[in-house]
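upload20.txt follows; it contains compact mmCIF, C-alpha atoms and all ligand atoms.
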```txt
# COMPACT_ATOMS: atom_id res chain seq x y z
CA MET A 1 65.42 45.98 -0.92
CA GLU A 2 64.94 49.75 -0.67
CA PRO A 3 61.82 50.95 -2.54
CA ILE A 4 62.38 52.96 -5.69
CA ILE A 5 60.39 56.18 -5.54
CA LEU A 6 59.84 58.13 -8.74
CA ASN A 7 61.15 61.60 -8.24
CA HIS A 8 60.09 63.86 -11.07
CA PRO A 9 58.16 67.14 -11.36
CA LEU A 10 55.73 65.62 -13.88
CA ILE A 11 54.87 62.84 -11.45
CA GLU A 12 54.36 65.38 -8.65
CA HIS A 13 52.03 67.32 -10.91
CA LYS A 14 49.99 64.27 -11.88
CA LEU A 15 49.81 63.05 -8.28
CA THR A 16 48.34 66.39 -7.23
CA ILE A 17 45.48 65.90 -9.69
CA LEU A 18 44.90 62.32 -8.50
CA ARG A 19 44.87 63.31 -4.84
CA ASP A 20 42.48 66.24 -5.33
CA LYS A 21 39.03 65.11 -4.28
CA THR A 22 37.37 67.22 -6.98
CA THR A 23 39.04 65.17 -9.77
CA GLY A 24 36.42 63.05 -11.53
CA THR A 25 36.60 59.40 -12.60
CA LYS A 26 37.61 60.07 -16.22
CA ALA A 27 40.63 62.21 -15.34
CA PHE A 28 41.48 59.92 -12.42
CA ARG A 29 41.62 56.85 -14.66
CA GLU A 30 43.66 58.61 -17.33
CA ILE A 31 46.23 59.89 -14.87
CA ALA A 32 46.50 56.61 -12.97
CA GLY A 33 47.32 54.99 -16.33
CA GLU A 34 49.91 57.64 -17.16
CA ILE A 35 51.67 57.22 -13.82
CA ALA A 36 51.63 53.45 -14.35
CA THR A 37 53.47 53.98 -17.66
CA PHE A 38 56.17 55.98 -15.87
CA LEU A 39 56.44 53.28 -13.18
CA CYS A 40 56.84 50.69 -15.92
CA TYR A 41 59.69 52.65 -17.53
CA GLU A 42 61.49 52.67 -14.18
CA ALA A 43 60.77 49.01 -13.47
CA LEU A 44 62.18 47.97 -16.83
CA LYS A 45 65.51 49.71 -16.40
CA ASP A 46 67.15 46.31 -15.90
CA ALA A 47 65.39 44.65 -18.85
CA GLU A 48 67.56 42.32 -20.90
CA LEU A 49 67.72 43.08 -24.58
CA ASN A 50 68.36 40.77 -27.52
CA GLU A 51 70.41 41.80 -30.51
CA VAL A 52 68.93 41.78 -34.00
CA GLU A 53 70.29 42.91 -37.32
CA ILE A 54 68.23 45.57 -39.08
CA GLU A 55 68.69 47.94 -41.95
CA THR A 56 68.04 51.64 -41.50
CA PRO A 57 67.48 53.73 -44.65
CA ILE A 58 71.21 54.44 -44.45
CA THR A 59 72.95 51.22 -43.43
CA LYS A 60 72.84 47.84 -41.73
CA MET A 61 73.23 47.82 -37.97
CA LYS A 62 72.92 45.61 -34.92
CA ALA A 63 70.07 46.87 -32.75
CA LYS A 64 68.43 45.90 -29.45
CA VAL A 65 64.95 44.52 -28.90
CA LEU A 66 63.02 43.65 -25.77
CA ASN A 67 61.80 40.10 -25.29
CA GLU A 68 58.16 40.98 -24.68
CA ASP A 69 57.29 37.33 -23.93
CA LYS A 70 59.21 37.55 -20.68
CA TYR A 71 56.62 39.55 -18.75
CA ALA A 72 53.29 39.07 -17.03
CA PHE A 73 51.31 41.92 -15.51
CA VAL A 74 49.15 40.92 -12.58
CA PRO A 75 46.75 43.56 -11.27
CA ILE A 76 45.23 43.02 -7.86
CA LEU A 77 41.49 43.54 -8.35
CA ARG A 78 39.90 45.81 -8.59
CA ALA A 79 41.99 49.00 -8.31
CA GLY A 80 45.04 47.41 -9.96
CA MET A 81 43.11 47.28 -13.24
CA SER A 82 43.57 51.05 -13.54
CA MET A 83 47.28 50.49 -14.17
CA VAL A 84 47.13 47.75 -16.82
CA ASP A 85 46.61 49.92 -19.92
CA GLY A 86 49.44 52.18 -18.84
CA LEU A 87 51.79 49.20 -18.85
CA LEU A 88 50.42 47.74 -22.08
CA ASN A 89 51.33 51.04 -23.74
CA VAL A 90 54.94 50.06 -23.14
CA ILE A 91 54.82 46.24 -23.52
CA PRO A 92 51.74 45.44 -25.60
CA ASN A 93 52.48 41.69 -25.73
CA ALA A 94 52.76 41.06 -22.01
CA LYS A 95 50.37 38.45 -20.65
CA ILE A 96 47.96 39.43 -17.94
CA GLY A 97 46.89 37.58 -14.80
CA HIS A 98 44.36 38.66 -12.18
CA ILE A 99 44.29 38.29 -8.44
CA GLY A 100 41.04 39.13 -6.67
CA MET A 101 41.40 40.20 -3.07
CA TYR A 102 39.44 42.36 -0.72
CA ARG A 103 40.08 43.59 2.77
CA ASN A 104 37.98 42.46 5.68
CA GLU A 105 36.82 45.89 6.89
CA GLU A 106 37.27 44.97 10.55
CA THR A 107 40.48 42.96 10.61
CA LEU A 108 41.95 44.66 7.48
CA MET A 109 43.12 41.15 6.50
CA PRO A 110 43.13 40.29 2.76
CA ILE A 111 40.75 37.60 1.49
CA GLU A 112 41.45 35.99 -1.91
CA TYR A 113 38.45 35.24 -4.13
CA TYR A 114 39.98 34.95 -7.61
CA PHE A 115 43.31 33.79 -9.02
CA LYS A 116 44.06 33.33 -12.71
CA VAL A 117 47.51 33.74 -14.21
CA PRO A 118 49.18 32.77 -17.52
CA LYS A 119 50.04 29.04 -17.78
CA ASP A 120 53.76 29.66 -18.30
CA ILE A 121 53.99 32.19 -15.48
CA GLU A 122 57.05 30.48 -13.97
CA ASN A 123 59.07 31.57 -17.03
CA ARG A 124 58.05 35.19 -16.75
CA GLU A 125 58.96 38.20 -14.70
CA VAL A 126 55.80 39.19 -12.83
CA ILE A 127 54.87 42.82 -12.35
CA LEU A 128 52.22 43.08 -9.65
CA LEU A 129 49.97 46.12 -9.74
CA ASP A 130 48.13 47.79 -6.89
CA PRO A 131 47.84 51.58 -6.86
CA MET A 132 47.68 51.78 -3.05
CA LEU A 133 50.25 49.93 -0.96
CA ALA A 134 48.62 50.45 2.45
CA THR A 135 49.01 47.77 5.17
CA GLY A 136 50.88 45.53 2.73
CA GLY A 137 48.70 42.53 3.70
CA THR A 138 47.26 42.07 0.22
CA GLY A 139 50.64 42.55 -1.41
CA VAL A 140 52.35 40.01 0.85
CA ASP A 141 49.67 37.40 0.11
CA ALA A 142 49.60 38.11 -3.63
CA ILE A 143 53.40 37.76 -3.82
CA ALA A 144 53.24 34.47 -1.88
CA GLN A 145 50.64 33.08 -4.31
CA ILE A 146 52.76 34.07 -7.30
CA LYS A 147 55.90 32.55 -5.76
CA LYS A 148 54.02 29.28 -5.20
CA ARG A 149 53.76 29.01 -9.01
CA GLY A 150 57.54 29.02 -9.30
CA VAL A 151 58.05 32.65 -10.33
CA LYS A 152 61.61 33.83 -9.63
CA LYS A 153 61.40 37.56 -10.28
CA ILE A 154 58.60 39.79 -9.00
CA LYS A 155 58.26 43.57 -8.98
CA PHE A 156 55.52 45.46 -7.17
CA LEU A 157 54.25 48.72 -8.67
CA SER A 158 52.07 51.09 -6.68
CA ILE A 159 51.14 54.71 -7.14
CA ILE A 160 51.08 55.67 -3.45
CA ALA A 161 52.70 53.67 -0.67
CA ALA A 162 52.60 53.93 3.12
CA PRO A 163 55.73 53.21 5.18
CA GLU A 164 53.81 50.41 6.96
CA GLY A 165 53.14 48.61 3.66
CA ILE A 166 56.70 49.02 2.41
CA GLU A 167 58.05 47.62 5.66
CA LYS A 168 55.73 44.62 5.62
CA ILE A 169 56.54 43.61 2.04
CA THR A 170 60.25 44.29 2.42
CA LYS A 171 60.46 42.16 5.59
CA THR A 172 58.40 39.26 4.23
CA HIS A 173 59.67 39.31 0.65
CA PRO A 174 63.07 41.05 0.62
CA ASP A 175 63.67 39.88 -2.97
CA VAL A 176 60.75 41.88 -4.36
CA GLN A 177 61.56 45.35 -5.65
CA ILE A 178 58.86 47.94 -4.90
CA TYR A 179 58.33 50.96 -7.15
CA CYS A 180 56.04 53.81 -6.19
CA ALA A 181 55.28 57.35 -7.32
CA ALA A 182 54.94 58.67 -3.77
CA LEU A 183 55.73 57.54 -0.25
CA ASP A 184 53.11 59.07 2.05
CA GLU A 185 53.09 59.68 5.79
CA HIS A 186 51.17 56.87 7.49
CA LEU A 187 47.92 54.90 7.69
CA ASN A 188 44.91 56.18 9.57
CA ASP A 189 42.97 53.98 12.02
CA VAL A 190 40.81 52.49 9.25
CA GLY A 191 43.78 51.62 7.05
CA TYR A 192 43.66 54.52 4.58
CA ILE A 193 46.86 56.18 3.45
CA VAL A 194 47.36 59.74 4.73
CA PRO A 195 47.27 62.11 2.88
CA GLY A 196 46.64 59.53 0.11
CA LEU A 197 43.82 59.90 -2.38
CA GLY A 198 40.96 58.06 -0.70
CA ASP A 199 39.63 54.73 -1.92
CA ALA A 200 41.30 54.16 -5.28
CA GLY A 201 38.70 51.63 -6.46
CA ASP A 202 35.82 53.98 -5.71
CA ARG A 203 37.56 56.87 -7.40
CA ILE A 204 38.36 54.83 -10.53
CA TYR A 205 34.93 53.30 -10.91
CA GLY A 206 32.79 56.05 -9.37
CA THR A 207 31.25 53.68 -6.86
CA LYS A 208 30.93 56.15 -4.02
N1 LIG A 301 43.21 51.31 -0.45
C1 LIG A 301 42.80 52.48 -1.01
O1 LIG A 301 42.13 52.48 -2.03
N2 LIG A 301 43.16 53.62 -0.41
C2 LIG A 301 43.90 53.67 0.71
O2 LIG A 301 44.19 54.75 1.19
C3 LIG A 301 44.31 52.44 1.27
C4 LIG A 301 43.96 51.28 0.68
```
Write out the structure in this file as structure tokens.
Ligand code: URA
Amino acid sequence: MEPIILNHPLIEHKLTILRDKTTGTKAFREIAGEIATFLCYEALKDAELNEVEIETPITKMKAKVLNEDKYAFVPILRAGMSMVDGLLNVIPNAKIGHIGMYRNEETLMPIEYYFKVPKDIENREVILLDPMLATGGTGVDAIAQIKKRGVKKIKFLSIIAAPEGIEKITKTHPDVQIYCAALDEHLNDVGYIVPGLGDAGDRIYGTK
């Protein structure tokens, strides 16, 4: 599936602030959350709606409502946490899982250390969150773990993606739709996205 890339002047503007190395943790977190909200809007374009009957101050009408119980957000720790509030702004009743993974600095291979998802995950659409889709190794593994639980529909939301990561996920999991706010140039030799924004986790939590 071709990735869906947000193409909007407001997103460009917000990305510039995120990428700028002088942007501090507070602004970085706020803007990462805002971009996540926009990604969520895009990812929910195909959401199914139920019909209910309501009464406006003027008349009765049939109106549409979202089935909020259909979704689970699953951030990949720790940087994915920066996107959760942005999505909860839109679907406050979604359930939340967590997948803990880190990259072996030498091999760049993902290592899973935590996995906790809602009990009824197989009945939900899962929206995986990782602001940086770099090599795609973590994403591929996270998707495989979610699929093992019987989940049929998975979307992957990232703020910045590298072509290498998109290719890896698309080849391994062609049924997963990727959404990103920017598609950057390439990875450098230590696996960072170029031009990117540096280490998202460090920038969110101020750990470097
Ligand atoms: N993870 C990050 O935080 N940044 C990158 O550029 C790549 C992976």
Expected selection as a CSV table (one decimal) with C-alpha atoms, in the frame of the given file for ligand LIG 301 (chain A) within 8 Å, only C-alpha atoms and all ligand atoms:
```
chain,number,residue,atom,x,y,z
A,79,ALA,CA,42.0,49.0,-8.3
A,131,PRO,CA,47.8,51.6,-6.9
A,132,MET,CA,47.7,51.8,-3.0
A,133,LEU,CA,50.2,49.9,-1.0
A,134,ALA,CA,48.6,50.4,2.4
A,135,THR,CA,49.0,47.8,5.2
A,187,LEU,CA,47.9,54.9,7.7
A,191,GLY,CA,43.8,51.6,7.0
A,192,TYR,CA,43.7,54.5,4.6
A,193,ILE,CA,46.9,56.2,3.4
A,194,VAL,CA,47.4,59.7,4.7
A,196,GLY,CA,46.6,59.5,0.1
A,197,LEU,CA,43.8,59.9,-2.4
A,198,GLY,CA,41.0,58.1,-0.7
A,199,ASP,CA,39.6,54.7,-1.9
A,200,ALA,CA,41.3,54.2,-5.3
A,201,GLY,CA,38.7,51.6,-6.5
A,202,ASP,CA,35.8,54.0,-5.7
```
Quiz item: Which polymer residues have any atom within 9 Å of an atom of range 33-46 of chain A, counting only C-alpha atoms, with same-chain residues fewer than 2 positions away left out, as a ChimeraX atom specification?
Solution: /A:4,6,11,14-15,28-31,48,82-90,127,129,131,155-159,177-181
Exercise. Tell me which of A:Leu108, A:Val151, A:Ile166, A:Ile76 sits closest to Val190 in chain A, counting all atoms listed in the file.
Key: A:Leu108
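You will find CA of Gly80 in chain A at 10.6 Å from CA of Met101 in chain A.
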Exercise. May I ask for the distance between CA of Asn67 in chain A and CA of Pro92 in chain A, given in Å to one decimal place?
Key: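 These atoms are spaced 11.4 Å apart.
Between CA of Ile111 in chain A and CA of Leu77 in chain A lies a distance of 11.5 Å.
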Quiz item: Around (39.7, 34.2, -2.9) in the file's own coordinates, what residues are found within 10 Å if you use all atoms listed in the file, given back as an MDAnalysis selection string?
Solution: chainID A and resid 99:102 110:115
May I have the residues within 9 Å of Thr25 in chain A as a tab-separated table (two decimals) with C-alpha atoms, in the frame of the given file, using all atoms listed in the file and disregarding those fewer than 6 positions away in the same chain?
```
chain	number	residue	atom	x	y	z
A	202	ASP	CA	35.82	53.98	-5.71
A	203	ARG	CA	37.56	56.87	-7.40
A	204	ILE	CA	38.36	54.83	-10.53
A	205	TYR	CA	34.93	53.30	-10.91
A	206	GLY	CA	32.79	56.05	-9.37
```
Practice problem: List the neighbours of Ile121 in chain A out to 8 Å using all atoms listed in the file; skip same-chain residues closer than 6 positions along the sequence, and give me the result as a count of residues only. | Solution: 4
Quiz item: Which is closest to Pro75 in chain A among A:Pro174, A:Gly97, A:Pro3, A:Pro57, if we use all atoms listed in the file?
Solution: A:Gly97
